[in-house]
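Below is input_21.cif, which holds mmCIF, C-alpha atoms and all ligand atoms.
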data_my_file
#
loop_
_atom_site.label_atom_id
_atom_site.label_comp_id
_atom_site.auth_asym_id
_atom_site.auth_seq_id
_atom_site.Cartn_x
_atom_site.Cartn_y
_atom_site.Cartn_z
CA MET A 1 0.00 0.00 0.00
CA ARG A 2 1.31 3.48 -0.87
CA SER A 3 1.67 6.01 1.93
CA ALA A 4 -1.14 8.57 2.13
CA LYS A 5 1.39 11.28 1.23
CA ASP A 6 2.35 9.57 -2.04
CA PHE A 7 -1.07 8.41 -3.11
CA PHE A 8 -1.78 11.38 -5.38
CA ARG A 9 1.71 11.62 -6.88
CA PRO A 10 2.11 10.60 -10.55
CA LEU A 11 3.58 7.11 -10.97
CA ALA A 12 5.87 8.18 -13.82
CA VAL A 13 7.90 11.30 -14.50
CA GLY A 14 5.88 13.50 -16.82
CA ALA A 15 2.54 11.78 -16.20
CA PRO A 16 -0.43 13.96 -15.27
CA THR A 17 -1.23 14.48 -11.60
CA PRO A 18 -3.92 12.05 -10.38
CA LEU A 19 -7.35 13.46 -9.60
CA THR A 20 -8.39 13.74 -5.96
CA GLN A 21 -12.07 13.29 -6.86
CA VAL A 22 -13.70 11.22 -9.56
CA PRO A 23 -15.63 13.55 -11.89
CA ALA A 24 -19.38 13.05 -11.41
CA ARG A 25 -20.21 12.94 -15.11
CA PRO A 26 -23.49 11.26 -16.09
CA SER A 27 -22.94 7.60 -16.95
CA ARG A 28 -26.42 6.09 -16.76
CA VAL A 29 -25.82 4.11 -19.92
CA ILE A 30 -22.51 2.65 -21.05
CA HIS A 31 -23.24 1.51 -24.58
CA PHE A 32 -21.07 -1.34 -25.85
CA PHE A 33 -20.05 -1.66 -29.48
CA ASP A 34 -17.60 -3.88 -31.30
CA PRO A 35 -15.28 -1.57 -33.25
CA SER A 36 -14.44 -4.43 -35.66
CA ASN A 37 -18.09 -4.80 -36.66
CA PRO A 38 -18.68 -2.39 -39.59
CA LYS A 39 -22.44 -2.17 -38.97
CA MET A 40 -21.99 -1.25 -35.31
CA ALA A 41 -19.09 1.09 -36.03
CA ALA A 42 -21.21 2.95 -38.57
CA LYS A 43 -23.81 3.62 -35.87
CA VAL A 44 -21.37 5.30 -33.45
CA PRO A 45 -21.65 8.91 -34.74
CA GLY A 46 -25.44 8.68 -34.54
CA LEU A 47 -25.26 7.46 -30.93
CA VAL A 48 -23.23 10.48 -29.76
CA GLY A 49 -25.45 12.63 -27.55
CA THR A 50 -27.96 9.81 -27.05
CA VAL A 51 -25.83 7.82 -24.59
CA ASP A 52 -23.63 9.02 -21.73
CA VAL A 53 -20.79 6.63 -22.60
CA LEU A 54 -19.79 4.89 -25.82
CA LEU A 55 -17.55 1.93 -25.03
CA GLY A 56 -15.38 0.30 -27.67
CA ASN A 57 -15.27 -3.31 -26.51
CA LEU A 58 -12.11 -5.26 -27.27
CA GLU A 59 -12.64 -8.21 -24.89
CA ASP A 60 -15.26 -10.99 -24.78
CA ALA A 61 -17.81 -10.91 -27.63
CA VAL A 62 -15.01 -9.92 -30.05
CA LYS A 63 -13.69 -12.96 -31.88
CA ALA A 64 -10.03 -13.84 -31.32
CA ASP A 65 -9.17 -13.28 -34.98
CA ARG A 66 -10.79 -9.79 -34.84
CA LYS A 67 -8.90 -8.45 -31.79
CA GLU A 68 -6.40 -6.39 -33.81
CA ALA A 69 -9.15 -5.17 -36.13
CA ALA A 70 -11.22 -4.08 -33.11
CA ARG A 71 -8.29 -2.16 -31.61
CA ALA A 72 -7.48 -0.47 -34.92
CA GLY A 73 -11.18 0.22 -35.50
CA LEU A 74 -11.45 1.96 -32.16
CA VAL A 75 -8.48 4.19 -32.95
CA GLU A 76 -10.09 5.12 -36.26
CA ILE A 77 -13.49 5.81 -34.67
CA ALA A 78 -11.98 7.90 -31.86
CA ARG A 79 -10.11 10.06 -34.38
CA ALA A 80 -13.06 10.49 -36.72
CA THR A 81 -15.78 11.19 -34.14
CA ASP A 82 -16.64 14.37 -32.26
CA PHE A 83 -18.00 13.05 -28.96
CA GLY A 84 -19.23 16.48 -27.87
CA GLN A 85 -19.74 17.45 -24.24
CA SER A 86 -22.31 14.87 -23.18
CA THR A 87 -20.83 11.57 -24.39
CA GLN A 88 -17.62 10.04 -23.08
CA LEU A 89 -15.46 7.46 -24.86
CA TRP A 90 -14.45 4.41 -22.82
CA THR A 91 -12.90 1.11 -23.80
CA ARG A 92 -12.88 -2.41 -22.35
CA ILE A 93 -9.42 -3.88 -22.89
CA ASN A 94 -8.66 -7.57 -23.00
CA ALA A 95 -7.87 -9.40 -19.76
CA LEU A 96 -4.43 -8.76 -18.29
CA ASP A 97 -3.36 -12.40 -18.80
CA SER A 98 -4.40 -12.40 -22.48
CA PRO A 99 -2.03 -11.94 -25.43
CA TRP A 100 -3.69 -8.60 -26.30
CA ALA A 101 -3.89 -6.46 -23.14
CA LEU A 102 -0.42 -4.90 -23.39
CA ASP A 103 -0.92 -3.86 -27.02
CA ASP A 104 -4.44 -2.63 -26.22
CA LEU A 105 -3.16 -0.22 -23.59
CA THR A 106 -0.02 0.80 -25.47
CA THR A 107 -1.86 1.53 -28.71
CA LEU A 108 -4.91 3.22 -27.24
CA VAL A 109 -3.11 5.51 -24.81
CA THR A 110 -0.44 6.63 -27.24
CA GLU A 111 -2.80 6.99 -30.24
CA ILE A 112 -6.08 8.24 -28.73
CA GLY A 113 -5.29 8.82 -25.05
CA ASP A 114 -6.50 12.42 -25.23
CA THR A 115 -9.99 11.23 -26.27
CA LEU A 116 -10.26 8.27 -23.92
CA ASP A 117 -11.89 8.94 -20.55
CA VAL A 118 -11.94 5.52 -18.88
CA VAL A 119 -10.32 2.12 -19.41
CA MET A 120 -12.44 -0.79 -18.21
CA VAL A 121 -10.32 -3.70 -16.99
CA PRO A 122 -12.02 -7.13 -16.99
CA LYS A 123 -11.55 -10.01 -14.54
CA VAL A 124 -9.80 -7.90 -11.91
CA GLN A 125 -8.68 -10.19 -9.10
CA GLY A 126 -7.09 -7.85 -6.60
CA ALA A 127 -5.27 -4.56 -6.03
CA GLU A 128 -2.19 -5.96 -7.81
CA ASP A 129 -4.03 -5.84 -11.17
CA ILE A 130 -4.95 -2.19 -10.64
CA HIS A 131 -1.39 -1.34 -9.55
CA TYR A 132 -0.03 -2.87 -12.77
CA VAL A 133 -2.45 -0.92 -14.97
CA ASP A 134 -1.89 2.24 -12.91
CA ARG A 135 1.87 2.29 -13.45
CA LEU A 136 1.66 1.30 -17.09
CA LEU A 137 -0.92 4.01 -17.79
CA ALA A 138 1.31 6.60 -16.09
CA GLN A 139 4.27 5.60 -18.27
CA LEU A 140 2.17 5.69 -21.42
CA GLU A 141 0.52 9.00 -20.50
CA ALA A 142 3.98 10.53 -20.01
CA LYS A 143 5.13 9.13 -23.35
CA ALA A 144 2.02 10.49 -25.08
CA GLY A 145 2.29 13.88 -23.33
CA LEU A 146 -1.24 13.63 -21.93
CA THR A 147 -2.34 16.35 -19.55
CA ARG A 148 -5.23 14.59 -17.78
CA PRO A 149 -5.15 11.10 -16.29
CA ILE A 150 -7.14 8.26 -17.84
CA LEU A 151 -9.38 6.65 -15.24
CA VAL A 152 -9.80 2.93 -14.54
CA HIS A 153 -13.01 0.92 -14.12
CA ALA A 154 -12.85 -2.67 -12.87
CA ILE A 155 -15.27 -5.47 -13.71
CA LEU A 156 -16.05 -7.73 -10.76
CA GLU A 157 -16.34 -11.13 -12.34
CA THR A 158 -14.34 -13.52 -10.21
CA ALA A 159 -14.88 -14.79 -6.69
CA ARG A 160 -11.41 -13.51 -5.74
CA GLY A 161 -12.23 -10.09 -7.15
CA MET A 162 -15.39 -10.03 -5.05
CA VAL A 163 -13.52 -10.98 -1.89
CA ASN A 164 -10.97 -8.23 -2.62
CA VAL A 165 -13.53 -5.64 -3.67
CA GLU A 166 -12.64 -3.02 -1.05
CA GLU A 167 -8.92 -3.10 -1.81
CA ILE A 168 -9.62 -2.96 -5.56
CA CYS A 169 -11.71 0.20 -5.11
CA GLY A 170 -8.98 1.86 -3.04
CA ALA A 171 -5.99 0.68 -5.09
CA SER A 172 -5.48 3.87 -7.10
CA PRO A 173 -6.78 7.43 -7.43
CA ARG A 174 -7.57 6.42 -11.02
CA MET A 175 -10.38 4.12 -9.87
CA GLN A 176 -13.59 5.48 -11.38
CA GLY A 177 -15.99 2.63 -10.64
CA LEU A 178 -16.96 -1.02 -10.72
CA SER A 179 -19.35 -3.02 -12.85
CA LEU A 180 -20.91 -6.35 -12.05
CA GLY A 181 -19.80 -9.08 -14.45
CA PRO A 182 -22.55 -11.63 -13.84
CA ALA A 183 -21.66 -14.07 -16.60
CA ASP A 184 -18.03 -14.70 -15.75
CA LEU A 185 -18.76 -14.35 -12.04
CA ALA A 186 -21.42 -17.07 -12.25
CA ALA A 187 -18.96 -19.36 -14.01
CA ASP A 188 -16.13 -18.61 -11.58
CA ARG A 189 -18.40 -19.20 -8.58
CA ARG A 190 -19.68 -22.41 -10.21
CA MET A 191 -23.23 -21.12 -10.01
CA LYS A 192 -25.66 -23.37 -11.93
CA THR A 193 -27.02 -20.69 -14.27
CA THR A 194 -26.56 -20.33 -18.02
CA ARG A 195 -27.44 -16.64 -18.47
CA VAL A 196 -25.85 -13.19 -18.75
CA GLY A 197 -27.30 -11.35 -15.74
CA GLY A 198 -30.88 -11.41 -14.53
CA GLY A 199 -32.80 -13.74 -12.25
CA HIS A 200 -33.57 -17.45 -12.38
CA PRO A 201 -36.98 -19.09 -11.85
CA GLY A 202 -35.42 -21.75 -9.63
CA TYR A 203 -34.04 -19.22 -7.14
CA LEU A 204 -37.12 -18.62 -5.00
CA VAL A 205 -38.76 -18.76 -1.60
CA ARG A 206 -42.07 -20.50 -0.88
CA THR A 207 -44.63 -19.75 1.78
CA ASP A 208 -45.04 -22.29 4.61
CA PRO A 209 -47.58 -25.12 4.14
CA VAL A 210 -51.09 -24.40 5.42
CA ASP A 211 -52.09 -26.91 8.15
CA GLY A 212 -49.02 -29.01 7.33
CA ASP A 213 -50.23 -29.70 3.77
CA VAL A 214 -46.90 -29.70 1.92
CA GLN A 215 -48.62 -30.67 -1.35
CA GLY A 216 -51.11 -27.76 -1.14
CA GLU A 217 -51.06 -24.51 -3.08
CA ARG A 218 -48.19 -22.29 -1.83
CA ALA A 219 -47.15 -18.99 -3.32
CA THR A 220 -43.54 -18.58 -4.42
CA ALA A 221 -41.52 -15.48 -5.20
CA GLN A 222 -38.43 -15.40 -7.37
CA GLN A 223 -35.45 -13.87 -5.55
CA ASP A 224 -32.65 -11.73 -6.93
CA LEU A 225 -29.46 -13.74 -7.54
CA TRP A 226 -27.40 -10.55 -7.59
CA HIS A 227 -28.60 -8.73 -4.52
CA TYR A 228 -25.67 -9.63 -2.28
CA THR A 229 -23.07 -8.90 -4.94
CA ILE A 230 -24.49 -5.54 -5.94
CA ALA A 231 -25.02 -4.42 -2.36
CA ARG A 232 -21.42 -5.31 -1.54
CA MET A 233 -20.17 -3.50 -4.60
CA VAL A 234 -22.20 -0.39 -3.73
CA ASP A 235 -20.76 -0.24 -0.20
CA ALA A 236 -17.19 -0.69 -1.43
CA CYS A 237 -17.64 2.05 -4.03
CA ALA A 238 -19.34 4.48 -1.62
CA MET A 239 -16.57 3.93 0.92
CA HIS A 240 -13.95 4.90 -1.69
CA GLY A 241 -15.85 7.69 -3.47
CA ILE A 242 -16.20 5.82 -6.78
CA TYR A 243 -19.24 4.66 -8.80
CA PRO A 244 -21.04 1.28 -8.99
CA TYR A 245 -22.79 -0.03 -12.15
CA TYR A 246 -25.08 -2.96 -12.85
CA GLY A 247 -23.43 -4.44 -15.97
CA PRO A 248 -24.90 -6.50 -18.84
CA PHE A 249 -28.38 -7.98 -19.21
CA GLY A 250 -28.10 -10.59 -21.93
CA ASP A 251 -31.75 -11.34 -22.71
CA ILE A 252 -32.14 -8.56 -25.25
CA GLN A 253 -35.76 -9.45 -26.03
CA ASP A 254 -36.88 -9.39 -22.38
CA VAL A 255 -37.02 -5.64 -21.93
CA VAL A 256 -39.33 -6.01 -18.92
CA ALA A 257 -36.95 -8.11 -16.80
CA CYS A 258 -34.08 -5.94 -18.02
CA GLU A 259 -35.83 -2.87 -16.64
CA ASP A 260 -36.50 -4.64 -13.33
CA GLN A 261 -32.83 -5.58 -12.88
CA PHE A 262 -31.71 -2.07 -13.78
CA ARG A 263 -34.23 -0.53 -11.37
CA ASN A 264 -33.17 -2.77 -8.48
CA ALA A 265 -29.58 -1.69 -9.07
CA PHE A 266 -30.58 1.99 -9.28
CA LEU A 267 -32.52 1.80 -6.02
CA LEU A 268 -29.60 0.04 -4.30
CA GLY A 269 -27.20 2.83 -5.27
CA CYS A 270 -25.81 2.10 -8.74
CA VAL A 271 -25.38 5.12 -11.02
CA GLY A 272 -25.71 3.31 -14.34
CA THR A 273 -25.57 0.14 -16.36
CA TRP A 274 -24.48 -1.27 -19.71
CA SER A 275 -26.49 -1.44 -22.89
CA LEU A 276 -25.56 -4.25 -25.27
CA HIS A 277 -28.15 -3.45 -27.92
CA PRO A 278 -29.82 -0.19 -28.99
CA VAL A 279 -33.11 -1.36 -27.45
CA GLN A 280 -31.58 -1.18 -23.96
CA ILE A 281 -30.45 2.46 -24.23
CA GLU A 282 -33.80 4.09 -23.51
CA ILE A 283 -34.47 1.67 -20.64
CA ALA A 284 -31.17 2.46 -18.96
CA LYS A 285 -31.53 6.22 -19.36
CA ARG A 286 -35.06 6.21 -17.99
CA VAL A 287 -34.34 3.93 -15.04
CA PHE A 288 -31.14 5.67 -13.96
CA SER A 289 -32.73 9.14 -14.07
CA PRO A 290 -34.91 9.89 -11.03
CA SER A 291 -38.61 10.23 -11.82
CA ALA A 292 -40.16 13.70 -11.96
CA GLN A 293 -42.34 12.64 -9.03
CA ASP A 294 -39.34 11.69 -6.87
CA VAL A 295 -37.56 14.93 -7.78
CA ALA A 296 -40.65 16.95 -6.89
CA HIS A 297 -40.99 15.18 -3.55
CA ALA A 298 -37.28 15.56 -2.79
CA ARG A 299 -37.44 19.30 -3.53
CA ARG A 300 -40.45 19.69 -1.22
CA VAL A 301 -38.58 17.97 1.60
CA VAL A 302 -35.51 20.16 1.03
CA ALA A 303 -37.69 23.29 1.11
CA ALA A 304 -39.62 22.13 4.18
CA MET A 305 -36.48 21.22 6.14
CA GLY A 306 -35.13 24.80 6.22
CA ASP A 307 -31.66 24.67 7.78
CA GLY A 308 -31.69 20.86 7.45
CA THR A 309 -32.13 19.98 11.12
CA GLY A 310 -35.09 18.91 13.21
CA ALA A 311 -38.20 17.03 12.13
CA VAL A 312 -41.29 18.06 10.11
CA MET A 313 -44.48 16.34 8.97
CA LEU A 314 -45.13 16.22 5.21
CA ASP A 315 -48.14 14.32 3.84
CA GLY A 316 -48.39 12.37 7.10
CA ARG A 317 -44.75 11.31 7.08
CA MET A 318 -41.92 12.34 9.35
CA GLU A 319 -38.97 13.95 7.57
CA ASP A 320 -35.70 14.70 9.33
CA ASP A 321 -32.00 15.18 8.71
CA ALA A 322 -31.57 11.64 7.34
CA SER A 323 -34.48 11.66 4.90
CA LEU A 324 -33.29 15.11 3.82
CA LYS A 325 -29.89 13.61 2.93
CA GLN A 326 -31.60 11.00 0.73
CA CYS A 327 -33.62 13.75 -0.94
CA LEU A 328 -30.44 15.72 -1.58
CA VAL A 329 -29.01 12.71 -3.45
CA ILE A 330 -32.04 12.82 -5.76
CA VAL A 331 -31.98 16.60 -6.20
CA GLU A 332 -28.23 16.68 -6.91
CA LEU A 333 -28.54 13.84 -9.43
CA ALA A 334 -31.43 15.62 -11.15
CA GLU A 335 -29.41 18.83 -11.35
CA ARG A 336 -26.36 17.05 -12.71
CA LEU A 337 -28.33 15.15 -15.35
CA SER A 338 -30.13 18.36 -16.36
CA GLN A 339 -26.79 19.87 -17.37
CA THR A 340 -26.35 17.39 -20.23
CA ASP A 341 -29.90 16.17 -20.93
CA PRO A 342 -32.20 19.00 -22.13
CA ALA A 343 -35.34 16.81 -22.01
CA LEU A 344 -34.72 15.97 -18.36
CA ALA A 345 -33.88 19.61 -17.61
CA GLU A 346 -37.31 20.58 -18.93
CA LEU A 347 -39.05 17.77 -17.04
CA TYR A 348 -37.37 18.58 -13.73
CA ALA A 349 -37.83 22.37 -14.16
CA ALA A 350 -41.57 21.75 -14.20
CA THR A 351 -41.28 20.25 -10.70
CA THR A 352 -39.54 23.24 -9.09
CA VAL A 353 -41.10 24.03 -5.70
CA PRO A 354 -42.77 27.47 -5.74
CA GLU A 355 -41.30 29.91 -3.21
CA GLU A 356 -43.35 30.39 -0.02
CA GLY A 357 -45.34 33.64 0.42
C1 LIG A 401 -20.84 -10.82 -20.76
C2 LIG A 401 -20.26 -9.64 -21.48
O1 LIG A 401 -19.07 -9.50 -21.57
S1 LIG A 401 -21.37 -8.50 -22.10
C3 LIG A 401 -20.39 -7.43 -23.09
C4 LIG A 401 -19.95 -8.02 -24.39
N1 LIG A 401 -21.03 -8.18 -25.35
C5 LIG A 401 -21.32 -7.20 -26.21
O2 LIG A 401 -20.67 -6.17 -26.24
C6 LIG A 401 -22.48 -7.47 -27.14
C7 LIG A 401 -22.81 -6.24 -27.97
N2 LIG A 401 -23.98 -6.47 -28.78
C8 LIG A 401 -24.00 -7.30 -29.82
O3 LIG A 401 -23.01 -7.91 -30.18
C9 LIG A 401 -25.30 -7.42 -30.59
O4 LIG A 401 -26.22 -6.46 -30.14
C10 LIG A 401 -25.97 -8.80 -30.49
C11 LIG A 401 -25.04 -9.91 -31.00
C12 LIG A 401 -26.37 -9.10 -29.06
C13 LIG A 401 -27.24 -8.74 -31.34
O5 LIG A 401 -26.88 -8.28 -32.61
P1 LIG A 401 -27.87 -8.44 -33.87
O6 LIG A 401 -28.29 -9.88 -33.98
O7 LIG A 401 -27.23 -7.80 -35.02
O8 LIG A 401 -29.13 -7.63 -33.35
P2 LIG A 401 -30.22 -6.92 -34.25
O9 LIG A 401 -30.44 -7.65 -35.52
O10 LIG A 401 -31.42 -6.73 -33.37
O11 LIG A 401 -29.58 -5.50 -34.55
C14 LIG A 401 -30.32 -4.45 -35.11
C15 LIG A 401 -29.38 -3.40 -35.60
O12 LIG A 401 -28.70 -2.82 -34.47
C16 LIG A 401 -27.29 -2.95 -34.65
N3 LIG A 401 -26.71 -3.19 -33.32
C17 LIG A 401 -26.84 -4.30 -32.55
N4 LIG A 401 -26.15 -4.15 -31.42
C18 LIG A 401 -25.57 -2.92 -31.49
C19 LIG A 401 -24.72 -2.21 -30.61
N5 LIG A 401 -24.32 -2.72 -29.44
N6 LIG A 401 -24.31 -0.97 -30.98
C20 LIG A 401 -24.69 -0.45 -32.16
N7 LIG A 401 -25.48 -1.08 -33.05
C21 LIG A 401 -25.92 -2.31 -32.70
C22 LIG A 401 -27.10 -4.11 -35.58
O13 LIG A 401 -25.87 -4.02 -36.24
C23 LIG A 401 -28.28 -3.96 -36.51
O14 LIG A 401 -27.94 -2.96 -37.46
P3 LIG A 401 -28.69 -2.89 -38.91
O15 LIG A 401 -30.08 -2.45 -38.63
O16 LIG A 401 -27.89 -1.87 -39.64
O17 LIG A 401 -28.63 -4.28 -39.50
C1 LIG A 402 -19.73 -8.27 -17.84
C2 LIG A 402 -18.98 -9.47 -18.07
O1 LIG A 402 -17.93 -9.42 -18.65
C3 LIG A 402 -19.52 -10.72 -17.59
O2 LIG A 402 -20.65 -10.74 -17.12
O3 LIG A 402 -18.78 -11.69 -17.67
MG MG A 403 -16.89 -11.21 -18.53
#
Kindly transcribe the structure held in the file into structure tokens.
Ligand SMILES: CC(=O)SCCNC(=O)CCNC(=O)[C@H](O)C(C)(C)COP(=O)(O)OP(=O)(O)OC[C@H]1O[C@@H](n2cnc3c(N)ncnc32)[C@H](O)[C@@H]1OP(=O)(O)O
Ligand SMILES: CC(=O)C(=O)O
Ligand SMILES: [Mg+2]
Amino acid sequence: MRSAKDFFRPLAVGAPTPLTQVPARPSRVIHFFDPSNPKMAAKVPGLVGTVDVLLGNLEDAVKADRKEAARAGLVEIARATDFGQSTQLWTRINALDSPWALDDLTTLVTEIGDTLDVVMVPKVQGAEDIHYVDRLLAQLEAKAGLTRPILVHAILETARGMVNVEEICGASPRMQGLSLGPADLAADRRMKTTRVGGGHPGYLVRTDPVDGDVQGERATAQQDLWHYTIARMVDACAMHGIYPYYGPFGDIQDVVACEDQFRNAFLLGCVGTWSLHPVQIEIAKRVFSPSAQDVAHARRVVAAMGDGTGAVMLDGRMEDDASLKQCLVIVELAERLSQTDPALAELYAATTVPEEG
């Protein structure tokens, strides 16, 4: 572990100074595309401004014989595209033990490092993986003459990564956030599922038998396979001042269950999720933006709480310092999203609390 005094020093001579706070830029939807797929690549310019993050994926879902093409395609797209103010460019590099990760980082940072906001690192096992990427990025940033540091996002998709989640979050000032990697995590944990994210009908609880009749009608309710993992991720991220994300939902056709999973994650504290297909973009943006009703309520509580201390009654409910803090989370998120999303700005403006008197 680095000493507290050294933590925010660059790890290479000439590298930019690390940030002391992760920028709170909207990232409700991280839209994945394969830069080696001409059809998807052609859609990138049209997606700018409609998603918070465009992510050029180089890892899983890109065929082994297309890895170099994907990397080169991303360089080309980054150079040719104006991402504007409201869309960031991220990448997911190949795993650190793969034959491609070193060239991914070297090429991307030196060729398009000034355009790249965040590097997503898959299959992170512990702080040692982040330390490796941290130092290498610093060396490459210095070589490329970059003036702002590239941030790092880890995917939690191994049991060891989960166990080490707190130290991963705190391993570097570059750490921007974590995403759940339910597919690889399920495999690594030897879970008996065959899906990319989402629930499972077999994972349920059943009401007790009535009068001991175990064969009788008994209601069941499907449970969330990912509750523990996401809650743990959220706590680790909050503790270290970085951002948690849901991750992929692989059943593209099941937009209803997709929305449910996204909403659970939003309510538990996640700031965003991935979209794998254009149909998931609108779902993610809607779910990870607070509703106009919640914003209106939060603003009423803020107004009613005056200096923020004490207790008041509002619509039959007690509000105090702690509920005020929750409301401030909603109000601040609404204000931040309004800065880059004109439709939301208009929606939330209509909920402004009129001044008393
Ligand atoms: C577990 C993990 O690691 S998850 C992360 C890795 N996986 C990914 O990144 C997957 C990304 N998504 C995809 O590869 C694709 O969306 C697939 C394979 C799931 C489905 O692709 P298709 O069968 O082509 O879907 P579909 O026919 O509905 O596509 C409709 C159009 O949207 C395009 N499209 C599909 N996905 C995307 C995307 N992510 N970005 C941009 N355009 C897309 C298609 O090219 C197609 O274009 P066209 O109308 O010009 O023909
Ligand atoms: C997100 C990812 O990579 C996984 O679920 O395995
Ligand atoms: Mg994976």
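Near ligand LIG 401 (chain A), at distances of 8 Å or less and with only C-alpha atoms and all ligand atoms counted, sit the residues A:His31, A:Phe32, A:Phe33, A:Asp34, A:Asn37, A:Lys39, A:Met40, A:Ala41, A:Lys43, A:Val44, A:Asn57, A:Glu59, A:Asp60, A:Ala61, A:Val62, A:Gly181, A:Pro182, A:Ala183, A:Asp184, A:Val196, A:Gly247, A:Pro248, A:Phe249, A:Gly250, A:Ile252, A:Ser275, A:Leu276, A:His277, A:Pro278.
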Polymer residues at most 8 Å from region 146-161 of chain A, only C-alpha atoms, same-chain spacing of 4 or more positions, as a PyMOL selection string:
chain A and resi 15-19+113-114+116-126+137-138+141-142+165+168+174-186+188-189
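If all atoms listed in the file are the atoms counted, then among A:Val29, A:Ala72, A:Ile230, A:Leu58 the closest residue to Ala101 (chain A) is A:Leu58.
Computed from the coordinates, the CA of Gly197 (chain A) to CA of Ile281 (chain A) distance equals 16.5 Å.
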In terms of the shortest atom-to-atom distance over all atoms listed in the file, which of A:Thr20, A:Thr207, A:Ser36, A:Ser86 is closest to Ser338 (chain A)?
A:Ser86
re CA of Glu128 (chain A) and CA of Arg232 (chain A): distance 20.2 Å
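Residues within 9 Å of Ala236 (chain A), counting only C-alpha atoms and excluding same-chain residues fewer than 4 positions away, are Val165, Glu166, Glu167, Ile168, Cys169, Gly170, Ala231, Arg232, His240, Gly241, Ile242 and Pro244 of chain A.
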When you draw a straight line from CA of Ile93 (chain A) to CA of Leu267 (chain A), how long is it in Å?
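So the two atoms, CA of Ile93 (chain A) and CA of Leu267 (chain A), lie 29.2 Å apart.
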Under the rule that only C-alpha atoms and all ligand atoms are counted, which of A:Arg2, A:Lys63, A:Arg71, A:Arg195 is the nearest residue to ligand LIG 402 (chain A)?
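Nearest to ligand LIG 402 (chain A): A:Arg195.
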Contact residues around Pro35 (chain A) with all atoms listed in the file at 6 Å, ignoring same-chain residues under 3 positions, as a count of residues only:
5
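Closest approach to ligand LIG 402 (chain A) among A:Ala42, A:Ala187, A:Leu54, A:Ala238 is made by A:Ala187 (distances from all atoms listed in the file).
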Using only C-alpha atoms, pick whichever of A:Thr81, A:Pro26, A:Met313, A:Asp213 has the shortest atom-to-atom distance to Glu332 (chain A).
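So, comparing all the options, the nearest one is A:Pro26.
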Excluding same-chain residues fewer than 4 positions from Pro45 (chain A), what lies within 9 Å of it counting only C-alpha atoms, as a ChimeraX atom specification?
/A:41,49,77,80-83
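Taking all atoms listed in the file into account, Gln222 (chain A) lies nearest to A:Val205 out of the set A:Val205, A:Leu105, A:Met318, A:Cys237.
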What's the 12 Å shell around Pro209 (chain A), counting only C-alpha atoms, without same-chain residues fewer than 4 positions away, as a list in words?
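The contact residues come out as Asp213, Val214, Gln215, Gly216, Glu217, Arg218, Ala219 and Thr220 of chain A.
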With 5 Å of padding per side, what axis-aligned box (centre and edge lengths, Å, one decimal) covers all the listed atoms of region 138-145 of chain A? Give it as AutoDock Vina command-line options.
--center_x 2.8 --center_y 9.7 --center_z -20.6 --size_x 14.6 --size_y 18.3 --size_z 19.0
Complete region 11-21 of chain A at the level of N, CA and C atoms, written as a PDB file, in the coordinates of the input.
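Okay, selection_28.pdb is ready:
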ATOM      1  N   LEU A  11       2.741   8.314 -11.075  1.00  0.00           N
ATOM      2  CA  LEU A  11       3.580   7.110 -10.970  1.00  0.00           C
ATOM      3  C   LEU A  11       4.668   7.054 -12.037  1.00  0.00           C
ATOM      4  N   ALA A  12       4.764   8.109 -12.854  1.00  0.00           N
ATOM      5  CA  ALA A  12       5.870   8.180 -13.820  1.00  0.00           C
ATOM      6  C   ALA A  12       6.198   9.652 -14.035  1.00  0.00           C
ATOM      7  N   VAL A  13       7.479   9.913 -14.253  1.00  0.00           N
ATOM      8  CA  VAL A  13       7.900  11.300 -14.500  1.00  0.00           C
ATOM      9  C   VAL A  13       7.195  11.795 -15.758  1.00  0.00           C
ATOM     10  N   GLY A  14       6.552  12.930 -15.646  1.00  0.00           N
ATOM     11  CA  GLY A  14       5.880  13.500 -16.820  1.00  0.00           C
ATOM     12  C   GLY A  14       4.432  13.099 -16.969  1.00  0.00           C
ATOM     13  N   ALA A  15       3.965  12.187 -16.124  1.00  0.00           N
ATOM     14  CA  ALA A  15       2.540  11.780 -16.200  1.00  0.00           C
ATOM     15  C   ALA A  15       1.692  12.837 -15.492  1.00  0.00           C
ATOM     16  N   PRO A  16       0.425  12.965 -15.930  1.00  0.00           N
ATOM     17  CA  PRO A  16      -0.430  13.960 -15.270  1.00  0.00           C
ATOM     18  C   PRO A  16      -0.681  13.629 -13.802  1.00  0.00           C
ATOM     19  N   THR A  17      -0.935  14.670 -13.021  1.00  0.00           N
ATOM     20  CA  THR A  17      -1.230  14.480 -11.600  1.00  0.00           C
ATOM     21  C   THR A  17      -2.572  13.775 -11.432  1.00  0.00           C
ATOM     22  N   PRO A  18      -2.634  12.745 -10.590  1.00  0.00           N
ATOM     23  CA  PRO A  18      -3.920  12.050 -10.380  1.00  0.00           C
ATOM     24  C   PRO A  18      -4.983  12.986  -9.809  1.00  0.00           C
ATOM     25  N   LEU A  19      -6.235  12.665 -10.114  1.00  0.00           N
ATOM     26  CA  LEU A  19      -7.350  13.460  -9.600  1.00  0.00           C
ATOM     27  C   LEU A  19      -7.631  13.076  -8.148  1.00  0.00           C
ATOM     28  N   THR A  20      -8.046  14.057  -7.346  1.00  0.00           N
ATOM     29  CA  THR A  20      -8.390  13.740  -5.960  1.00  0.00           C
ATOM     30  C   THR A  20      -9.866  13.370  -5.827  1.00  0.00           C
ATOM     31  N   GLN A  21     -10.655  13.673  -6.863  1.00  0.00           N
ATOM     32  CA  GLN A  21     -12.070  13.290  -6.860  1.00  0.00           C
ATOM     33  C   GLN A  21     -12.463  12.791  -8.232  1.00  0.00           C
TER      34      GLN A  21
END
